[in-house]
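Working notes, beginning with the structure itself.
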Amino acid sequence: MNHTSPAATEIPLDPARLAEAFRLFNQVSEELSTAYGALERQVEALTAELAAANAETQRLREEAERNKRLTAMGEMAAQLAHQLRTPLAAALLYAGNLENPDLPEASRVGIAQKTVGRLKHLERLIQDMLLFARGEVLGREPFEVADLLGELAHTFEPLARARGVSFELTAEPAGLVIIGNRKAIAGALTNLIENALQAVAESPSPKVSLGVTASAEQLAFGIRDNGRGMAQDVVARLFEPFFTTRAEGTGLGLAIARGVARAHGGGIDVTSEPGAGTEFILTVSRGSADAPPPESS
Ligand SMILES: Nc1ncnc2c1ncn2[C@@H]1O[C@H](COP(=O)(O)OP(=O)(O)OP(=O)(O)O)[C@@H](O)[C@H]1O
Ligand SMILES: [Mg+2]
């Protein structure tokens, strides 16, 4: 029988090669241990860097939150001033009349009642605004969108006619009900329509339209005009409190309108072309399940 000897596959024990293998092994071990030390130091340095970066991120986050709070407070103060101006002016006017020594007693009582009425209105506004500042939307109630649009048309049709502006109410969503603060939404739309009417003052055939479209979640009010339009730098600053290009404007209308839209889970979008016109789209949520239950009246 012809056996292949197992010794033929064994590596011969050459002492010189063995010594070389040990030397190489030691060298690699040393290099590994040096590399490990360097790696450990690198990990320590990176950990320290990460901790510093985390601290910086935290600091920046806190600063951003503080800035956000300050901005919100500034916007609130601006909103409050805008809302309080009209009833305060009326109350001052009435109170001024009371100074007249020749005023008959009956008129005095009537004027005093009107003054108190305006002051009560002011007080209610301040209460509303304080609640609004805490992120609540007052008096959420279900209301018919068609009613709201009807009310706006009732206010603006005669105004537009007097100025020779064609005012169009497109799409009347019969039976569409949403949950929200009707007064606040009406106020926001009023400002958008007033702006549109001002924008078309110089147009050859001035036109302003108000329309609404509904999706499952949201309602979008569109206010379109064929007025002077806006340059890009104006569009960029539109919602800044006090930004205005009108001598008699306060520049708070759009800041407030956007606040109202956001408080209703929506926002305001704008597209404008200088010389051609502008469209504002104000969206509100139709009333989500997490909204406070409607107030009983
Ligand atoms: N439809 C529009 N077309 C052209 N410019 C517009 C339009 N709407 C708003 N603007 C511009 O945006 C500016 C800011 O509007 P905003 O309603 O915030 O303030 P305002 O109308 O100037 O003052 P107020 O606080 O009395 O409403 C306006 O001054 C105007 O330049
Ligand atoms: Mg305005």
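Labeling convention for the structure tokens: chains A, B, ... as they appear, residues from 1 per chain, ligands from 1 in order of appearance.
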- Write out as a ChimeraX atom specification each polymer residue whose atoms come within 12 Å of Ile193 in chain A, counting only C-alpha atoms; drop sequence neighbours fewer than 6 positions from it. /A:149,152-153,155-157,159-160,165,167-169,186-187,199-200,207-211,221-225,227,253-254,257,278-282
- Item | Nearby polymer residues, ligand 2, at most 8 Å, only C-alpha atoms and all ligand atoms, as a PyMOL selection string | chain A and resi 191-192+194-195+249-254
- Message: Just the number, please: distance in Å from CA of Lys114 in chain A to CA of Ala91 in chain A, one decimal.
- Response: 7.6 Å
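The coordinates place CA of Pro241 in chain A at 9.8 Å from atom 13 (C, counted along the ligand's line) of ligand 1.
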